[in-house]
Every structure is written in structure tokens, then in C-alpha cells.
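**Q** Dropping in work.csv, with CSV, C-alpha atoms and all ligand atoms.
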```csv
chain,number,residue,atom,x,y,z
P,305,MET,CA,-11.4,16.4,-22.1
P,306,ARG,CA,-12.8,17.2,-25.5
P,307,ILE,CA,-16.6,16.9,-25.5
P,308,VAL,CA,-19.2,17.6,-28.2
P,309,ALA,CA,-22.7,18.5,-27.2
P,310,GLY,CA,-26.0,18.9,-28.9
P,311,SER,CA,-29.7,19.1,-28.3
P,312,ASP,CA,-33.1,19.8,-29.9
P,313,HIS,CA,-35.5,22.5,-28.7
P,314,ALA,CA,-36.7,20.2,-25.9
P,315,GLY,CA,-33.2,19.8,-24.5
P,316,LEU,CA,-31.9,23.3,-25.1
P,317,VAL,CA,-32.0,24.7,-21.6
P,318,LEU,CA,-30.4,21.7,-20.0
P,319,LYS,CA,-27.8,21.4,-22.8
P,320,ASP,CA,-26.8,25.0,-22.5
P,321,HIS,CA,-26.5,24.7,-18.7
P,322,LEU,CA,-24.3,21.6,-18.9
P,323,VAL,CA,-22.1,23.0,-21.6
P,324,ALA,CA,-21.5,26.2,-19.6
P,325,ARG,CA,-20.7,24.0,-16.5
P,326,LEU,CA,-18.3,21.7,-18.5
P,327,ARG,CA,-16.5,24.8,-19.8
P,328,ALA,CA,-16.2,26.3,-16.3
P,329,GLN,CA,-14.6,23.0,-15.3
P,330,GLY,CA,-12.0,23.4,-18.0
P,331,HIS,CA,-13.3,21.0,-20.6
P,332,GLU,CA,-13.1,21.9,-24.3
P,333,VAL,CA,-16.7,21.8,-25.5
P,334,GLU,CA,-18.0,22.0,-29.1
P,335,ASP,CA,-21.6,22.9,-29.2
P,336,VAL,CA,-23.3,21.8,-32.4
P,337,GLY,CA,-26.6,23.3,-31.5
P,338,THR,CA,-29.5,23.8,-31.5
P,339,LEU,CA,-29.0,27.4,-30.4
P,340,THR,CA,-32.6,28.6,-30.3
P,341,ALA,CA,-35.9,27.5,-28.9
P,342,ALA,CA,-37.4,27.0,-32.4
P,343,SER,CA,-38.7,23.5,-33.0
P,344,CYS,CA,-36.2,21.3,-34.8
P,345,ASP,CA,-35.4,17.6,-35.5
P,346,TYR,CA,-33.3,15.7,-32.9
P,347,PRO,CA,-31.7,13.4,-35.5
P,348,ASP,CA,-29.8,16.3,-37.0
P,349,PHE,CA,-27.9,17.0,-33.8
P,350,ALA,CA,-27.6,13.4,-32.7
P,351,ARG,CA,-25.9,12.6,-36.0
P,352,ALA,CA,-23.5,15.6,-35.8
P,353,VAL,CA,-22.4,14.6,-32.2
P,354,ALA,CA,-22.1,10.9,-33.0
P,355,ARG,CA,-20.0,11.5,-36.1
P,356,THR,CA,-17.6,13.8,-34.2
P,357,VAL,CA,-17.2,11.1,-31.5
P,358,ALA,CA,-16.8,8.3,-34.1
P,359,ASP,CA,-14.2,10.4,-36.1
P,360,GLY,CA,-12.2,11.0,-33.0
P,361,GLY,CA,-13.0,14.7,-32.8
P,362,ALA,CA,-14.2,14.4,-29.2
P,363,GLU,CA,-13.7,11.8,-26.5
P,364,ARG,CA,-17.3,12.0,-25.3
P,365,GLY,CA,-20.6,13.3,-26.6
P,366,LEU,CA,-23.5,14.8,-24.7
P,367,LEU,CA,-27.0,14.8,-26.2
P,368,VAL,CA,-30.2,16.2,-24.6
P,369,CYS,CA,-33.7,16.0,-26.0
P,370,GLY,CA,-37.1,15.6,-24.2
P,371,THR,CA,-36.4,12.0,-23.2
P,372,GLY,CA,-32.9,11.2,-24.5
P,373,GLN,CA,-34.4,8.3,-26.4
P,374,GLY,CA,-34.5,9.6,-29.9
P,375,MET,CA,-31.0,11.0,-29.5
P,376,ALA,CA,-29.7,7.6,-28.4
P,377,MET,CA,-31.5,5.6,-31.1
P,378,THR,CA,-30.0,7.9,-33.8
P,379,ALA,CA,-26.5,8.1,-32.4
P,380,ASN,CA,-26.3,4.4,-32.0
P,381,ARG,CA,-26.7,4.0,-35.8
P,382,VAL,CA,-23.3,5.6,-36.3
P,383,PRO,CA,-20.6,2.9,-36.2
P,384,GLY,CA,-18.2,3.3,-33.2
P,385,VAL,CA,-20.8,5.0,-31.1
P,386,ARG,CA,-22.1,3.6,-27.8
P,387,ALA,CA,-24.8,6.0,-26.7
P,388,ALA,CA,-26.7,5.4,-23.4
P,389,VAL,CA,-29.8,7.1,-22.0
P,390,VAL,CA,-29.1,7.8,-18.4
P,391,SER,CA,-31.3,9.1,-15.6
P,392,ASP,CA,-29.5,8.0,-12.5
P,393,THR,CA,-25.9,8.1,-11.2
P,394,PHE,CA,-25.4,4.4,-10.8
P,395,THR,CA,-26.1,3.8,-14.5
P,396,ALA,CA,-23.8,6.7,-15.4
P,397,HIS,CA,-20.9,5.0,-13.6
P,398,ALA,CA,-21.8,1.5,-14.8
P,399,THR,CA,-22.3,2.4,-18.5
P,400,ARG,CA,-18.8,4.0,-18.5
P,401,ALA,CA,-17.1,1.2,-16.4
P,402,HIS,CA,-18.8,-1.8,-18.1
P,403,ASN,CA,-20.0,-0.6,-21.6
P,404,ASP,CA,-17.4,2.2,-22.3
P,405,ALA,CA,-20.3,4.4,-23.4
P,406,ASN,CA,-19.0,7.3,-25.3
P,407,VAL,CA,-22.2,9.4,-25.8
P,408,LEU,CA,-24.5,10.4,-22.9
P,409,CYS,CA,-28.1,11.0,-23.6
P,410,ILE,CA,-30.3,12.8,-21.1
P,411,GLY,CA,-34.0,13.8,-21.1
P,412,GLN,CA,-34.6,17.3,-20.1
P,413,ARG,CA,-38.3,16.4,-19.4
P,414,VAL,CA,-37.1,13.5,-17.2
P,415,VAL,CA,-34.1,14.6,-15.2
P,416,GLY,CA,-33.7,17.7,-13.1
P,417,SER,CA,-30.6,19.9,-13.6
P,418,GLY,CA,-29.0,18.9,-10.3
P,419,LEU,CA,-29.2,15.2,-11.0
P,420,ALA,CA,-28.1,15.8,-14.6
P,421,GLU,CA,-25.0,17.5,-13.3
P,422,ASP,CA,-24.1,14.5,-11.1
P,423,ILE,CA,-24.8,12.1,-14.0
P,424,LEU,CA,-22.5,14.1,-16.3
P,425,ASP,CA,-19.8,14.3,-13.7
P,426,ALA,CA,-19.9,10.5,-13.3
P,427,PHE,CA,-20.0,10.0,-17.0
P,428,VAL,CA,-16.9,12.2,-17.6
P,429,GLN,CA,-14.9,11.0,-14.7
P,430,THR,CA,-15.5,7.2,-14.7
P,431,PRO,CA,-12.9,5.2,-16.7
P,432,PHE,CA,-13.7,1.9,-18.6
P,433,GLU,CA,-12.8,-1.0,-16.5
P,434,GLY,CA,-11.6,-3.2,-19.4
P,435,GLY,CA,-10.8,-6.8,-18.3
P,436,ARG,CA,-13.8,-9.1,-18.7
P,437,HIS,CA,-15.8,-6.2,-20.3
P,438,SER,CA,-13.4,-5.9,-23.2
P,439,GLY,CA,-14.5,-9.1,-25.0
P,440,ARG,CA,-18.1,-8.2,-24.5
P,441,LEU,CA,-17.5,-4.9,-26.1
P,442,THR,CA,-15.9,-6.6,-29.1
P,443,LYS,CA,-19.0,-8.8,-29.5
P,444,MET,CA,-21.2,-5.7,-29.1
P,445,MET,CA,-19.4,-3.8,-31.8
P,446,ALA,CA,-19.1,-6.7,-34.3
P,447,ASN,CA,-20.5,-5.5,-37.6
P,448,ASP,CA,-22.3,-8.8,-38.3
P,449,GLY,CA,-25.9,-7.5,-38.7
P,450,GLY,CA,-26.9,-9.5,-35.6
P,451,LYS,CA,-26.3,-12.9,-37.4
P,452,ALA,CA,-23.2,-14.2,-35.7
E,501,LIG,C1,-39.6,16.5,-29.0
E,501,LIG,O1,-41.0,16.8,-28.8
E,501,LIG,C2,-39.3,15.1,-28.5
E,501,LIG,O2,-40.0,14.2,-29.2
E,501,LIG,C3,-37.8,14.9,-28.5
E,501,LIG,O3,-37.2,15.9,-27.8
E,501,LIG,C4,-37.3,13.6,-27.9
E,501,LIG,O4,-37.8,13.4,-26.7
E,501,LIG,C5,-37.4,12.4,-28.8
E,501,LIG,O5,-36.9,11.3,-28.5
```
Could you spell out this file's structure in C-alpha cells?

**A**
Amino acid sequence: MRIVAGSDHAGLVLKDHLVARLRAQGHEVEDVGTLTAASCDYPDFARAVARTVADGGAERGLLVCGTGQGMAMTANRVPGVRAAVVSDTFTAHATRAHNDANVLCIGQRVVGSGLAEDILDAFVQTPFEGGRHSGRLTKMMANDGGKA
């Protein structure tokens, strides 16, 4: 699977760990940075990952910051992106199966590396169930400014 990954300084260690693990599993991973521990702004990396996913350059995105929250808020402003903050494996399965989430956001200050590995495995391996969830996705993605 083609996966694009990014982090800020607060997510660097976990992002690098998960990128290396994905590559060892045989996935094709684009790492948009950050690449050093210097303080930086999470929206820069969230936007880069979100745009790549929205443009079809990757099937899934991975974003890591301190909490995952700022990454998800930023990524979800890019049309076509469904970014989810996940800190447990049940939600990792469910947000793929029910919401067809295409960007996974994890907080390095929240989730340990072992749990993050399990969350990412579930996120990569779980297909969208479709069926009754498809119509809900259509409503979710409607570009109606929340008015319809
Ligand atoms: C950086 O200190 C922190 O604010 C950032 O990594 C993230 O948690 C924001 O949502």
C-alpha cells in the first residue's frame, strides 16, 4: 500500500518508528517530515499529507503530533480527507470499517509505541464495509457548508 506520513517535532520519534516498520512490512512510504527535533508547525505537515491523500498520491496517511488533534483538525479541512484521531484498536477498526477514514492521527504523548503499532496495523488492514455506511459517507462529504 502507498502511505504518506508526517509529524511535527512532538511526533517525530513515533513517526520515524512507524515509517520504518511500514517499510519493513513492504509498504511504499513517503515521509514528508519533519526530519529533525527542531520545533515546527504541525499544520505544514498535516496539509502536505492530506493533499497527497486527496490527490490520490497515497491510499492512506499517517500523522503524528503530541496529541493527534491539531493534525486531524488541519487535515480535515482538505476536501476528500477523513482524518481520525485514534488511541485504541477498536476505534482503529471501526473508523476504517464505518467511516472509511483515510488519514490516521496519533498522539505520541498519548499512545505508547506498542499500541501505536497495533492501531496502525488495524488501520492499514481493515477494509471499508460499505453497505449502510456508504450513504452516511455521502452525507458526511457533502460540500454544503453544513446547511443541508
Ligand atoms: C506541540 O507542542 C503540540 O501542540 C502539537 O504537537 C500537537 O499536539 C497539536 O495538536

**Q** Kindly compile the residues surrounding ligand LIG 501 (chain E) within 9 Å, counting all atoms listed in the file, and format them as a list in words.

**A**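 After applying the 9 Å limit, what remains is Ser311, Asp312, His313, Ala314, Gly315, Ser343, Cys344, Asp345, Tyr346, Pro347, Val368, Cys369, Gly370, Thr371, Gly372, Gln373, Gly374, Met375, Ala376, Met377, Gly411, Gln412 and Arg413 of chain P.
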
**Q** Which one of P:Asp425, P:Lys443, P:Glu334, P:Leu322 sits closest to Thr393 (chain P) if you count only C-alpha atoms?

**A**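 For Thr393 (chain P), the nearest of the given residues is P:Asp425.
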
**Q** Would you work out the distance separating CA of Leu408 (chain P) from CA of Ala342 (chain P), expressed in Å to one decimal?

**A**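 Interatomic distance here is 23.1 Å.
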
**Q** Here is a test: counting all atoms listed in the file, which residue of P:Ala405, P:Ile410, P:Arg386, P:His397 is nearest to Ala309 (chain P)?

**A**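 Using all atoms listed in the file, Ala309 (chain P) sits closest to P:Ile410.
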
**Q** Just checking: using only C-alpha atoms, which residue out of P:Val382, P:Gly310, P:Leu318, P:Leu326 ends up closest to Gly416 (chain P)?

**A**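 Among the listed residues, the smallest separation from Gly416 (chain P) belongs to P:Leu318.
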
**Q** Rounded to one decimal place, report the CA of Ala401 (chain P)-CA of Pro431 (chain P) distance in Å.

**A**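 Atom-to-atom, CA of Ala401 (chain P) to CA of Pro431 (chain P), that is 5.8 Å.
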
**Q** Quick one: distance from CA of Ala352 (chain P) to CA of Met445 (chain P) in Å, one decimal?

**A**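 Taking CA of Ala352 (chain P) as the start and CA of Met445 (chain P) as the end point, the length is 20.2 Å.
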
**Q** Quick one: residues within 7 Å of Glu363 (chain P), all atoms listed in the file counted, chain neighbours fewer than 2 positions away excluded, as a PyMOL selection string?

**A** chain P and resi 305-307+357+360-361

**Q** Please write the residues from the selection above to a file, keeping C-alpha atoms, as a PDB file, in the frame of the given file.

**A**
```pdb
ATOM      1  CA  MET P 305     -11.400  16.400 -22.100  1.00  0.00           C
ATOM      2  CA  ARG P 306     -12.800  17.200 -25.500  1.00  0.00           C
ATOM      3  CA  ILE P 307     -16.600  16.900 -25.500  1.00  0.00           C
ATOM      4  CA  VAL P 357     -17.200  11.100 -31.500  1.00  0.00           C
ATOM      5  CA  GLY P 360     -12.200  11.000 -33.000  1.00  0.00           C
ATOM      6  CA  GLY P 361     -13.000  14.700 -32.800  1.00  0.00           C
TER       7      GLY P 361
END
```

**Q** Counting only C-alpha atoms, figure out which residue out of P:Lys319, P:Pro383, P:Arg351, P:Thr399 gets nearest to Val415 (chain P).

**A**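 For Val415 (chain P), the nearest of the candidates is P:Lys319.
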